[in-house]
>>> print(open('final03.pdb').read())   # PDB, C-alpha atoms
ATOM      1  CA  MET A   1      80.050  82.674 103.552
ATOM      2  CA  ALA A   2      82.709  83.397 106.156
ATOM      3  CA  GLN A   3      79.935  84.075 108.666
ATOM      4  CA  THR A   4      78.332  80.693 108.022
ATOM      5  CA  LYS A   5      81.671  78.932 108.397
ATOM      6  CA  GLU A   6      82.255  80.764 111.672
ATOM      7  CA  LYS A   7      78.764  79.749 112.843
ATOM      8  CA  ILE A   8      79.475  76.120 111.953
ATOM      9  CA  LEU A   9      82.829  76.296 113.738
ATOM     10  CA  GLN A  10      81.327  77.661 116.952
ATOM     11  CA  ALA A  11      78.432  75.182 116.856
ATOM     12  CA  SER A  12      80.856  72.281 116.257
ATOM     13  CA  ILE A  13      82.959  73.292 119.262
ATOM     14  CA  VAL A  14      79.851  73.469 121.468
ATOM     15  CA  MET A  15      78.609  70.081 120.238
ATOM     16  CA  PHE A  16      82.017  68.402 120.552
ATOM     17  CA  ASN A  17      82.336  69.729 124.106
ATOM     18  CA  GLU A  18      78.892  68.511 125.032
ATOM     19  CA  TYR A  19      78.676  65.091 123.340
ATOM     20  CA  GLY A  20      82.218  64.211 122.212
ATOM     21  CA  ILE A  21      83.467  64.050 118.626
ATOM     22  CA  ALA A  22      82.296  60.482 117.961
ATOM     23  CA  ASN A  23      78.715  61.104 119.069
ATOM     24  CA  VAL A  24      78.105  64.224 116.988
ATOM     25  CA  ARG A  25      76.547  63.828 113.552
ATOM     26  CA  LEU A  26      76.386  66.378 110.742
ATOM     27  CA  GLN A  27      72.665  66.774 111.467
ATOM     28  CA  HIS A  28      73.468  67.866 115.061
ATOM     29  CA  ILE A  29      75.964  70.476 113.873
ATOM     30  CA  ALA A  30      73.549  71.738 111.220
ATOM     31  CA  ASP A  31      70.753  72.051 113.792
ATOM     32  CA  ALA A  32      73.019  73.857 116.255
ATOM     33  CA  SER A  33      74.219  76.250 113.507
ATOM     34  CA  GLY A  34      70.663  76.923 112.346
ATOM     35  CA  ILE A  35      71.340  75.794 108.763
ATOM     36  CA  SER A  36      70.309  72.815 106.663
ATOM     37  CA  VAL A  37      72.492  69.727 106.248
ATOM     38  CA  GLY A  38      72.702  70.543 102.547
ATOM     39  CA  ASN A  39      74.104  73.947 103.321
ATOM     40  CA  LEU A  40      76.529  72.391 105.791
ATOM     41  CA  ALA A  41      77.675  69.922 103.126
ATOM     42  CA  TYR A  42      78.279  72.865 100.777
ATOM     43  CA  HIS A  43      80.825  74.291 103.222
ATOM     44  CA  PHE A  44      82.301  71.027 104.530
ATOM     45  CA  LYS A  45      82.133  67.881 102.502
ATOM     46  CA  ASN A  46      82.228  65.533 105.510
ATOM     47  CA  LYS A  47      82.735  65.367 109.269
ATOM     48  CA  GLN A  48      86.487  64.880 108.945
ATOM     49  CA  THR A  49      86.865  68.269 107.205
ATOM     50  CA  ILE A  50      84.900  69.910 110.041
ATOM     51  CA  ILE A  51      87.153  68.219 112.618
ATOM     52  CA  ASP A  52      90.260  69.371 110.732
ATOM     53  CA  TYR A  53      88.870  72.919 110.482
ATOM     54  CA  VAL A  54      88.070  72.996 114.214
ATOM     55  CA  TYR A  55      91.538  71.720 115.120
ATOM     56  CA  ASP A  56      93.166  74.265 112.764
ATOM     57  CA  HIS A  57      91.297  76.969 114.652
ATOM     58  CA  ILE A  58      92.390  75.485 118.004
ATOM     59  CA  PHE A  59      96.036  75.260 116.936
ATOM     60  CA  ASN A  60      95.964  78.859 115.736
ATOM     61  CA  GLU A  61      94.725  79.952 119.123
ATOM     62  CA  PHE A  62      97.363  77.861 120.835
ATOM     63  CA  SER A  63     100.036  79.508 118.662
ATOM     64  CA  VAL A  64      98.864  82.914 119.862
ATOM     65  CA  ILE A  65      99.344  81.818 123.505
ATOM     66  CA  LEU A  66     102.801  80.444 122.714
ATOM     67  CA  SER A  67     103.779  83.634 120.918
ATOM     68  CA  ASP A  68     103.039  85.653 124.068
ATOM     69  CA  TYR A  69     106.226  84.312 125.689
ATOM     70  CA  LEU A  70     107.967  86.855 127.912
ATOM     71  CA  ILE A  71     105.749  89.794 126.996
ATOM     72  CA  LEU A  72     105.950  90.745 130.683
ATOM     73  CA  ASP A  73     109.185  89.896 132.458
ATOM     74  CA  ASN A  74     107.696  89.719 135.974
ATOM     75  CA  PHE A  75     105.298  87.236 137.590
ATOM     76  CA  GLN A  76     102.345  89.002 136.006
ATOM     77  CA  GLY A  77     103.539  87.565 132.702
ATOM     78  CA  ILE A  78     103.329  84.015 134.098
ATOM     79  CA  ASP A  79      99.924  84.792 135.574
ATOM     80  CA  LYS A  80      98.646  86.104 132.249
ATOM     81  CA  THR A  81      99.828  82.973 130.439
ATOM     82  CA  MET A  82      98.103  80.839 133.090
ATOM     83  CA  SER A  83      94.822  82.669 132.408
ATOM     84  CA  SER A  84      95.237  82.128 128.664
ATOM     85  CA  TYR A  85      95.810  78.392 129.170
ATOM     86  CA  TYR A  86      92.859  78.135 131.531
ATOM     87  CA  PHE A  87      90.409  79.724 129.082
ATOM     88  CA  PHE A  88      91.875  77.769 126.210
ATOM     89  CA  PHE A  89      91.441  74.372 127.874
ATOM     90  CA  GLU A  90      88.063  75.342 129.258
ATOM     91  CA  ASN A  91      86.796  76.326 125.812
ATOM     92  CA  TYR A  92      88.093  73.169 124.188
ATOM     93  CA  ARG A  93      87.332  70.559 126.857
ATOM     94  CA  PHE A  94      86.593  67.944 124.203
ATOM     95  CA  PHE A  95      90.319  67.629 123.651
ATOM     96  CA  PHE A  96      90.618  65.773 126.973
ATOM     97  CA  THR A  97      87.457  63.783 126.668
ATOM     98  CA  ASN A  98      88.505  62.644 123.202
ATOM     99  CA  MET A  99      92.221  62.338 123.825
ATOM    100  CA  PHE A 100      92.542  58.580 123.270
ATOM    101  CA  GLU A 101      90.013  58.591 120.493
ATOM    102  CA  THR A 102      91.940  61.369 118.711
ATOM    103  CA  GLU A 103      95.137  59.372 119.050
ATOM    104  CA  ARG A 104      93.469  56.354 117.448
ATOM    105  CA  ASN A 105      91.361  57.969 114.740
ATOM    106  CA  HIS A 106      93.215  61.179 113.866
ATOM    107  CA  PRO A 107      96.961  60.498 114.209
ATOM    108  CA  HIS A 108      97.862  63.610 112.141
ATOM    109  CA  ILE A 109      96.060  65.819 114.676
ATOM    110  CA  MET A 110      97.759  64.033 117.559
ATOM    111  CA  ARG A 111     101.159  64.575 115.937
ATOM    112  CA  ARG A 112     100.470  68.310 115.833
ATOM    113  CA  TRP A 113      99.403  68.223 119.498
ATOM    114  CA  HIS A 114     102.675  66.507 120.403
ATOM    115  CA  GLN A 115     104.607  69.315 118.749
ATOM    116  CA  TYR A 116     102.620  72.057 120.490
ATOM    117  CA  THR A 117     102.760  70.453 123.919
ATOM    118  CA  ASN A 118     106.510  69.820 123.641
ATOM    119  CA  ARG A 119     107.012  73.485 122.825
ATOM    120  CA  MET A 120     104.798  74.380 125.757
ATOM    121  CA  ILE A 121     107.068  72.406 128.126
ATOM    122  CA  LEU A 122     110.151  74.036 126.592
ATOM    123  CA  GLN A 123     108.592  77.458 127.201
ATOM    124  CA  ILE A 124     107.859  76.631 130.844
ATOM    125  CA  GLU A 125     111.454  75.416 131.315
ATOM    126  CA  SER A 126     112.813  78.500 129.651
ATOM    127  CA  ARG A 127     110.612  80.785 131.747
ATOM    128  CA  ILE A 128     111.882  79.154 134.963
ATOM    129  CA  GLU A 129     115.472  79.595 133.766
ATOM    130  CA  PHE A 130     114.708  83.245 133.075
ATOM    131  CA  ASP A 131     113.270  83.761 136.563
ATOM    132  CA  ILE A 132     116.322  82.080 138.088
ATOM    133  CA  GLN A 133     118.508  84.480 136.093
ATOM    134  CA  ARG A 134     116.623  87.490 137.432
ATOM    135  CA  ASP A 135     116.836  86.073 141.004
ATOM    136  CA  ALA A 136     113.104  85.588 141.423
ATOM    137  CA  PHE A 137     113.586  81.819 141.756
ATOM    138  CA  LEU A 138     116.147  79.985 143.866
ATOM    139  CA  PRO A 139     119.029  78.599 141.816
ATOM    140  CA  LEU A 140     117.966  75.143 140.636
ATOM    141  CA  LYS A 141     119.829  72.379 138.867
ATOM    142  CA  ASN A 142     118.861  71.596 135.271
ATOM    143  CA  GLN A 143     117.309  68.292 136.239
ATOM    144  CA  ARG A 144     115.143  69.999 138.849
ATOM    145  CA  ILE A 145     114.049  72.682 136.349
ATOM    146  CA  LYS A 146     112.953  69.985 133.894
ATOM    147  CA  LEU A 147     111.057  68.143 136.612
ATOM    148  CA  LEU A 148     109.341  71.296 137.836
ATOM    149  CA  ALA A 149     108.415  72.326 134.290
ATOM    150  CA  ASN A 150     106.994  68.892 133.665
ATOM    151  CA  ASN A 151     104.901  69.019 136.840
ATOM    152  CA  ILE A 152     103.587  72.477 135.981
ATOM    153  CA  TRP A 153     102.681  71.254 132.517
ATOM    154  CA  ILE A 154     100.823  68.262 133.981
ATOM    155  CA  SER A 155      98.904  70.628 136.248
ATOM    156  CA  ILE A 156      97.979  72.938 133.364
ATOM    157  CA  ILE A 157      96.740  70.093 131.192
ATOM    158  CA  PHE A 158      95.075  67.843 133.746
ATOM    159  CA  TRP A 159      93.736  70.284 136.307
ATOM    160  CA  LEU A 160      90.399  70.639 134.521
ATOM    161  CA  PRO A 161      89.807  66.903 133.912
ATOM    162  CA  GLN A 162      90.572  66.038 137.541
ATOM    163  CA  ARG A 163      88.012  68.635 138.700
ATOM    164  CA  VAL A 164      85.438  67.127 136.355
ATOM    165  CA  LEU A 165      86.300  63.599 137.587
ATOM    166  CA  ARG A 166      85.847  64.677 141.193
ATOM    167  CA  GLY A 167      82.655  66.531 140.407
ATOM    168  CA  LEU A 168      84.087  69.865 141.512
ATOM    169  CA  SER A 169      83.502  73.238 139.914
ATOM    170  CA  CYS A 170      86.208  74.760 137.752
ATOM    171  CA  ASP A 171      87.304  78.359 138.091
ATOM    172  CA  GLU A 172      90.312  80.359 137.054
ATOM    173  CA  LYS A 173      91.306  81.341 140.580
ATOM    174  CA  ASN A 174      91.643  77.760 141.822
ATOM    175  CA  PHE A 175      93.481  76.796 138.651
ATOM    176  CA  LYS A 176      96.033  79.530 139.237
ATOM    177  CA  LYS A 177      96.306  78.649 142.927
ATOM    178  CA  ALA A 178      97.174  75.060 142.016
ATOM    179  CA  LEU A 179      99.855  76.199 139.584
ATOM    180  CA  TRP A 180     101.398  78.790 141.879
ATOM    181  CA  ALA A 181     101.480  76.188 144.653
ATOM    182  CA  GLN A 182     103.924  74.228 142.481
ATOM    183  CA  MET A 183     106.213  77.221 142.151
ATOM    184  CA  THR A 184     106.090  79.007 145.512
ATOM    185  CA  PRO A 185     108.524  76.598 147.284
ATOM    186  CA  TYR A 186     111.196  77.612 144.768
ATOM    187  CA  LEU A 187     110.763  81.391 145.048
ATOM    188  CA  SER A 188     113.648  83.495 146.316
ATOM    189  CA  ASN A 189     113.093  86.405 148.709
ATOM    190  CA  LYS A 190     112.733  88.752 145.736
ATOM    191  CA  GLY A 191     110.300  86.317 144.155
ATOM    192  CA  LYS A 192     108.293  86.015 147.360
ATOM    193  CA  GLU A 193     107.994  89.807 147.582
ATOM    194  CA  GLU A 194     106.864  90.005 143.962
ATOM    195  CA  PHE A 195     104.396  87.175 144.512
ATOM    196  CA  ALA A 196     102.979  88.886 147.619
ATOM    197  CA  THR A 197     102.588  92.179 145.738
ATOM    198  CA  TYR A 198     101.185  91.126 142.379
ATOM    199  CA  ILE A 199      99.836  87.596 142.541
ATOM    200  CA  HIS A 200      98.668  86.736 146.053
ATOM    201  CA  PRO A 201      96.031  89.509 146.291
ATOM    202  CA  ALA A 202      94.464  88.321 143.030
ATOM    203  CA  ILE A 203      94.271  84.608 143.857
ATOM    204  CA  ALA A 204      93.757  84.656 147.634
TER     205      ALA A 204
ATOM    206  CA  MET B   1     103.767  73.467 114.417
ATOM    207  CA  ASP B   2     102.494  74.008 110.901
ATOM    208  CA  LYS B   3     104.287  72.352 108.021
ATOM    209  CA  ASN B   4     105.507  75.646 106.607
ATOM    210  CA  HIS B   5     107.206  76.916 109.729
ATOM    211  CA  ASN B   6     108.299  73.887 111.645
ATOM    212  CA  ILE B   7     111.480  74.176 113.661
ATOM    213  CA  ASP B   8     113.062  71.442 115.701
ATOM    214  CA  TYR B   9     113.017  71.495 119.495
ATOM    215  CA  THR B  10     116.738  72.272 119.867
ATOM    216  CA  THR B  11     116.381  75.392 117.713
ATOM    217  CA  TYR B  12     113.220  76.347 119.551
ATOM    218  CA  SER B  13     114.846  76.081 122.991
ATOM    219  CA  TRP B  14     117.851  78.034 121.658
ATOM    220  CA  LEU B  15     115.405  80.704 120.429
ATOM    221  CA  LEU B  16     113.746  80.896 123.859
ATOM    222  CA  LYS B  17     117.148  81.232 125.558
ATOM    223  CA  ASN B  18     117.957  84.138 123.264
ATOM    224  CA  ILE B  19     114.665  85.846 124.099
ATOM    225  CA  ASN B  20     115.567  85.424 127.782
ATOM    226  CA  GLN B  21     118.986  86.961 127.203
ATOM    227  CA  GLN B  22     117.548  90.010 125.477
ATOM    228  CA  VAL B  23     116.195  91.239 128.797
ATOM    229  CA  PHE B  24     119.603  91.031 130.464
ATOM    230  CA  SER B  25     121.597  93.458 128.357
ATOM    231  CA  ASP B  26     125.317  93.577 129.091
ATOM    232  CA  SER B  27     125.932  97.218 130.004
ATOM    233  CA  THR B  28     129.645  97.729 129.364
ATOM    234  CA  ASN B  29     130.993 101.263 129.259
ATOM    235  CA  ALA B  30     132.119 102.743 125.984
ATOM    236  CA  SER B  31     135.776 103.685 125.675
ATOM    237  CA  LEU B  32     137.032 107.087 124.608
ATOM    238  CA  CYS B  33     138.334 105.804 121.281
ATOM    239  CA  ASP B  34     134.720 105.020 120.304
ATOM    240  CA  LEU B  35     134.227 108.775 119.937
ATOM    241  CA  ASN B  36     137.262 109.233 117.693
ATOM    242  CA  PHE B  37     135.052 109.560 114.659
ATOM    243  CA  ILE B  38     133.872 112.954 115.943
ATOM    244  CA  LYS B  39     137.444 114.209 115.986
ATOM    245  CA  GLU B  40     138.365 112.587 112.702
ATOM    246  CA  GLU B  41     135.341 113.870 110.840
ATOM    247  CA  ALA B  42     135.259 117.293 112.471
ATOM    248  CA  TRP B  43     136.864 118.984 109.436
ATOM    249  CA  LEU B  44     133.746 118.113 107.414
ATOM    250  CA  CYS B  45     131.931 120.865 109.315
ATOM    251  CA  ASP B  46     134.013 123.448 107.477
ATOM    252  CA  THR B  47     133.594 122.155 103.988
ATOM    253  CA  ALA B  48     131.847 123.399 100.919
ATOM    254  CA  VAL B  49     129.625 120.799  99.313
ATOM    255  CA  ILE B  50     129.737 120.489  95.551
ATOM    256  CA  ASN B  51     127.322 118.289  93.691
ATOM    257  CA  ARG B  52     128.722 116.238  90.833
ATOM    258  CA  VAL B  53     126.850 114.316  88.163
ATOM    259  CA  GLU B  54     128.824 112.139  85.777
ATOM    260  CA  LYS B  55     127.853 109.574  83.201
ATOM    261  CA  ARG B  56     129.175 106.167  84.105
ATOM    262  CA  ASN B  57     128.182 102.767  82.708
ATOM    263  CA  GLY B  58     125.123 104.252  81.069
ATOM    264  CA  THR B  59     123.761 105.843  84.229
ATOM    265  CA  TYR B  60     124.275 109.162  85.905
ATOM    266  CA  LEU B  61     126.267 108.833  89.087
ATOM    267  CA  ILE B  62     125.539 111.485  91.689
ATOM    268  CA  SER B  63     128.320 112.215  94.104
ATOM    269  CA  LEU B  64     128.999 114.948  96.602
ATOM    270  CA  VAL B  65     132.398 116.541  96.953
ATOM    271  CA  PHE B  66     133.237 117.888 100.374
ATOM    272  CA  ALA B  67     136.054 120.417  99.958
ATOM    273  CA  HIS B  68     137.684 122.106 102.910
ATOM    274  CA  GLN B  69     137.255 125.845 102.785
ATOM    275  CA  LYS B  70     140.865 126.646 103.646
ATOM    276  CA  ASN B  71     142.860 123.624 102.591
ATOM    277  CA  PRO B  72     142.122 122.774  98.942
ATOM    278  CA  LEU B  73     143.969 119.500  99.160
ATOM    279  CA  LYS B  74     141.633 118.192 101.758
ATOM    280  CA  LEU B  75     138.583 116.847 100.052
ATOM    281  CA  LEU B  76     136.289 113.876 100.150
ATOM    282  CA  ILE B  77     134.143 112.448  97.365
ATOM    283  CA  ARG B  78     131.109 110.440  98.371
ATOM    284  CA  PRO B  79     129.105 108.619  95.680
ATOM    285  CA  ILE B  80     125.424 108.824  96.642
ATOM    286  CA  THR B  81     123.277 107.094  94.043
ATOM    287  CA  GLU B  82     122.751 106.411  90.360
ATOM    288  CA  MET B  83     119.934 107.647  88.124
ATOM    289  CA  ASN B  84     118.931 106.871  84.562
ATOM    290  CA  CYS B  85     117.679 110.356  83.691
ATOM    291  CA  LYS B  86     120.129 113.231  83.473
ATOM    292  CA  LYS B  87     117.643 115.939  84.425
ATOM    293  CA  LYS B  88     116.455 113.971  87.398
ATOM    294  CA  ALA B  89     120.030 113.242  88.446
ATOM    295  CA  ILE B  90     120.886 116.942  88.401
ATOM    296  CA  MET B  91     117.791 117.839  90.361
ATOM    297  CA  MET B  92     118.442 115.125  92.945
ATOM    298  CA  SER B  93     122.084 116.133  93.272
ATOM    299  CA  GLU B  94     120.939 119.693  94.061
ATOM    300  CA  ILE B  95     118.644 118.351  96.749
ATOM    301  CA  PHE B  96     121.395 116.155  98.225
ATOM    302  CA  LYS B  97     123.754 119.103  98.202
ATOM    303  CA  ARG B  98     121.328 121.323 100.061
ATOM    304  CA  GLN B  99     120.778 118.584 102.612
ATOM    305  CA  ALA B 100     124.476 118.052 103.224
ATOM    306  CA  ALA B 101     125.762 121.616 103.094
ATOM    307  CA  LYS B 102     126.392 123.595 106.203
ATOM    308  CA  ASP B 103     125.247 126.661 104.321
ATOM    309  CA  GLN B 104     121.906 125.340 103.156
ATOM    310  CA  ARG B 105     120.757 128.583 101.586
ATOM    311  CA  GLY B 106     123.974 128.752  99.547
ATOM    312  CA  THR B 107     124.773 132.377 100.409
ATOM    313  CA  ILE B 108     128.408 131.793 101.376
ATOM    314  CA  THR B 109     130.707 131.991  98.377
ATOM    315  CA  ILE B 110     134.226 130.703  98.095
ATOM    316  CA  LYS B 111     136.679 133.040  96.458
ATOM    317  CA  GLU B 112     139.741 131.690  94.747
ATOM    318  CA  GLU B 113     142.079 134.324  96.232
ATOM    319  CA  LYS B 114     140.988 133.381  99.735
ATOM    320  CA  LEU B 115     142.379 129.905  99.247
ATOM    321  CA  ASN B 116     145.846 131.404  98.944
ATOM    322  CA  ILE B 117     147.130 128.953  96.389
ATOM    323  CA  SER B 118     150.772 129.242  95.503
ATOM    324  CA  LEU B 119     151.261 128.983  91.742
ATOM    325  CA  ASN B 120     154.993 128.382  91.987
TER     326      ASN B 120
END
>>> encode(input="final03.pdb", output="structure tokens")
Amino acid sequence: MAQTKEKILQASIVMFNEYGIANVRLQHIADASGISVGNLAYHFKNKQTIIDYVYDHIFNEFSVILSDYLILDNFQGIDKTMSSYYFFFENYRFFFTNMFETERNHPHIMRRWHQYTNRMILQIESRIEFDIQRDAFLPLKNQRIKLLANNIWISIIFWLPQRVLRGLSCDEKNFKKALWAQMTPYLSNKGKEEFATYIHPAIA
Amino acid sequence: MDKNHNIDYTTYSWLLKNINQQVFSDSTNASLCDLNFIKEEAWLCDTAVINRVEKRNGTYLISLVFAHQKNPLKLLIRPITEMNCKKKAIMMSEIFKRQAAKDQRGTITIKEEKLNISLN
């Protein structure tokens, strides 16, 4: 039973990514999972329960990324988190394509997103403060830290959609390049050395 | 976050700050008086350990008596635990004694005359 649910979950994510939440019917999900609609209805009584189940899964994964805060105290830690965010947003692209629809039709899901994204910004702010403390970043005023964190967050969230809008390919390396470009002007000499040793060879 | 573990943003940012601080430990040197306990408790190295089981409030209280080998007035009683069964309490007290005693095999004996007690 757990296997079938997992199959339905994976098929739903694929279908949502491809056609958008509104355009997917239970029949499509059943076909993609290789089960009958009757069997699908046995596991999920309607489309809303599937959507809730998919979002629960997404939020759990997002929690795992958030819980990885400061596992590594050098720039490799930031780089690792960037990779996690990239794969997360790449796997669940339908979040962007359905953003306004989700806000309108599923306000409870949007409320949860607000909470997660606000925590994400707080983590970015806190990470910058940490790197200032360890002299890897230049000393910045609080206002500047908030602004920088906000810009980094915007880049993380909207990097993929802007590539899609411009018809460009998406890859992890370019994603990381874009994010590091936001931070490199604020690196101290120690930070620049660390960046040149650990990060630059990987993203150049 | 989920309903069951939802914390407000102020608490969350405070939590993150604390995680940050954990990396920067304040390495202050210890002062000499921090080691006073070694000097103060040094006499315990030369003590005989006696196990004591007494009935108190319906249970058997196990305590260890640390008596100095040369100065009979210097002793320390440490209550360890309580047990409901007398036999078990005695057995456990023996085990505790053997753990705590310097002479774990129990071959050293204390003779009364060696204590040099004045009966005057």
>>> atom_distance(input="final03.pdb", atom1="CA of Lys88 in chain B", atom2="CA of Ile50 in chain B")
16.9 Å
>>> atom_distance(input="final03.pdb", atom1="CA of Leu26 in chain A", atom2="CA of Phe62 in chain A")
26.0 Å
>>> atom_distance(input="final03.pdb", atom1="CA of Lys80 in chain A", atom2="CA of Ile199 in chain A")
10.5 Å
>>> resolve_selection(input="final03.pdb", expression="the PyMOL selection byres ((chain B) within 10 of (chain A))", output="tab-separated table (two decimals) with C-alpha atoms, in the coordinates of the input")
chain	number	residue	atom	x	y	z
B	1	MET	CA	103.77	73.47	114.42
B	2	ASP	CA	102.49	74.01	110.90
B	3	LYS	CA	104.29	72.35	108.02
B	6	ASN	CA	108.30	73.89	111.64
B	7	ILE	CA	111.48	74.18	113.66
B	8	ASP	CA	113.06	71.44	115.70
B	9	TYR	CA	113.02	71.50	119.50
B	10	THR	CA	116.74	72.27	119.87
B	12	TYR	CA	113.22	76.35	119.55
B	13	SER	CA	114.85	76.08	122.99
B	14	TRP	CA	117.85	78.03	121.66
B	15	LEU	CA	115.40	80.70	120.43
B	16	LEU	CA	113.75	80.90	123.86
B	17	LYS	CA	117.15	81.23	125.56
B	18	ASN	CA	117.96	84.14	123.26
B	19	ILE	CA	114.66	85.85	124.10
B	20	ASN	CA	115.57	85.42	127.78
B	21	GLN	CA	118.99	86.96	127.20
B	23	VAL	CA	116.20	91.24	128.80
B	24	PHE	CA	119.60	91.03	130.46
>>> residues_around(input="final03.pdb", residues="Ser33 in chain A", least_positions_apart="5", cutoff="8 Å", atoms="only C-alpha atoms", output="number ranges by chain")
A: 7-8, 11
>>> residues_near_point(input="final03.pdb", point="(131.0, 115.3, 94.5)", cutoff="10 Å", atoms="all atoms listed in the file", output="VMD selection string")
chain B and resid 49 to 54 61 to 67 75 to 80 93 97
>>> closest_residue(input="final03.pdb", among="A:Ile51, A:Leu168, A:Ala181, A:Ala30", to="Thr102 in chain A", atoms="all atoms listed in the file")
A:Ile51
>>> resolve_selection(input="final03.pdb", expression="the PyMOL selection byres ((chain A and resi 161) around 12)", output="MDAnalysis selection string")
chainID A and resid 86 89:90 92:99 154:160 162:170 175
>>> closest_residue(input="final03.pdb", among="A:Asn189, A:Ser12, A:Gln3, A:Gln143", to="Thr49 in chain A", atoms="all atoms listed in the file")
A:Ser12
>>> residues_around(input="final03.pdb", residues="Phe195 in chain A", least_positions_apart="5", cutoff="12 Å", atoms="all atoms listed in the file", output="PyMOL selection string")
chain A and resi 74-79+136-137+177+180-181+183-190+200-204
>>> residues_near_point(input="final03.pdb", point="(126.8, 104.4, 83.6)", cutoff="12 Å", atoms="all atoms listed in the file", output="number ranges by chain")
B: 53-62, 81-86
>>> write_last_selection(input="final03.pdb", atoms="C-alpha atoms", output="short mmCIF file (atom, residue, chain, number, x, y, z; two decimals), in the coordinates of the input")
data_model
loop_
_atom_site.label_atom_id
_atom_site.label_comp_id
_atom_site.auth_asym_id
_atom_site.auth_seq_id
_atom_site.Cartn_x
_atom_site.Cartn_y
_atom_site.Cartn_z
CA VAL B 53 126.85 114.32 88.16
CA GLU B 54 128.82 112.14 85.78
CA LYS B 55 127.85 109.57 83.20
CA ARG B 56 129.18 106.17 84.10
CA ASN B 57 128.18 102.77 82.71
CA GLY B 58 125.12 104.25 81.07
CA THR B 59 123.76 105.84 84.23
CA TYR B 60 124.28 109.16 85.90
CA LEU B 61 126.27 108.83 89.09
CA ILE B 62 125.54 111.48 91.69
CA THR B 81 123.28 107.09 94.04
CA GLU B 82 122.75 106.41 90.36
CA MET B 83 119.93 107.65 88.12
CA ASN B 84 118.93 106.87 84.56
CA CYS B 85 117.68 110.36 83.69
CA LYS B 86 120.13 113.23 83.47
#
>>> residues_around(input="final03.pdb", residues="range 65-67 of chain A", least_positions_apart="5", cutoff="8 Å", atoms="only C-alpha atoms", output="list of chain:residue names")
A:Thr81, A:Ser84, A:Tyr85, A:Met120, A:Gln123
>>> closest_residue(input="final03.pdb", among="A:Ile58, A:Leu179, A:Ala22, A:Leu9", to="Asn150 in chain A", atoms="all atoms listed in the file")
A:Leu179
>>> residues_around(input="final03.pdb", residues="Ala32 in chain A", least_positions_apart="3", cutoff="12 Å", atoms="only C-alpha atoms", output="VMD selection string")
chain A and resid 4 7 to 16 18 24 to 29 35 to 37 40
>>> residues_around(input="final03.pdb", residues="range 37-43 of chain B", least_positions_apart="4", cutoff="9 Å", atoms="all atoms listed in the file", output="list in words")
Cys33, Thr47 and His68 of chain B
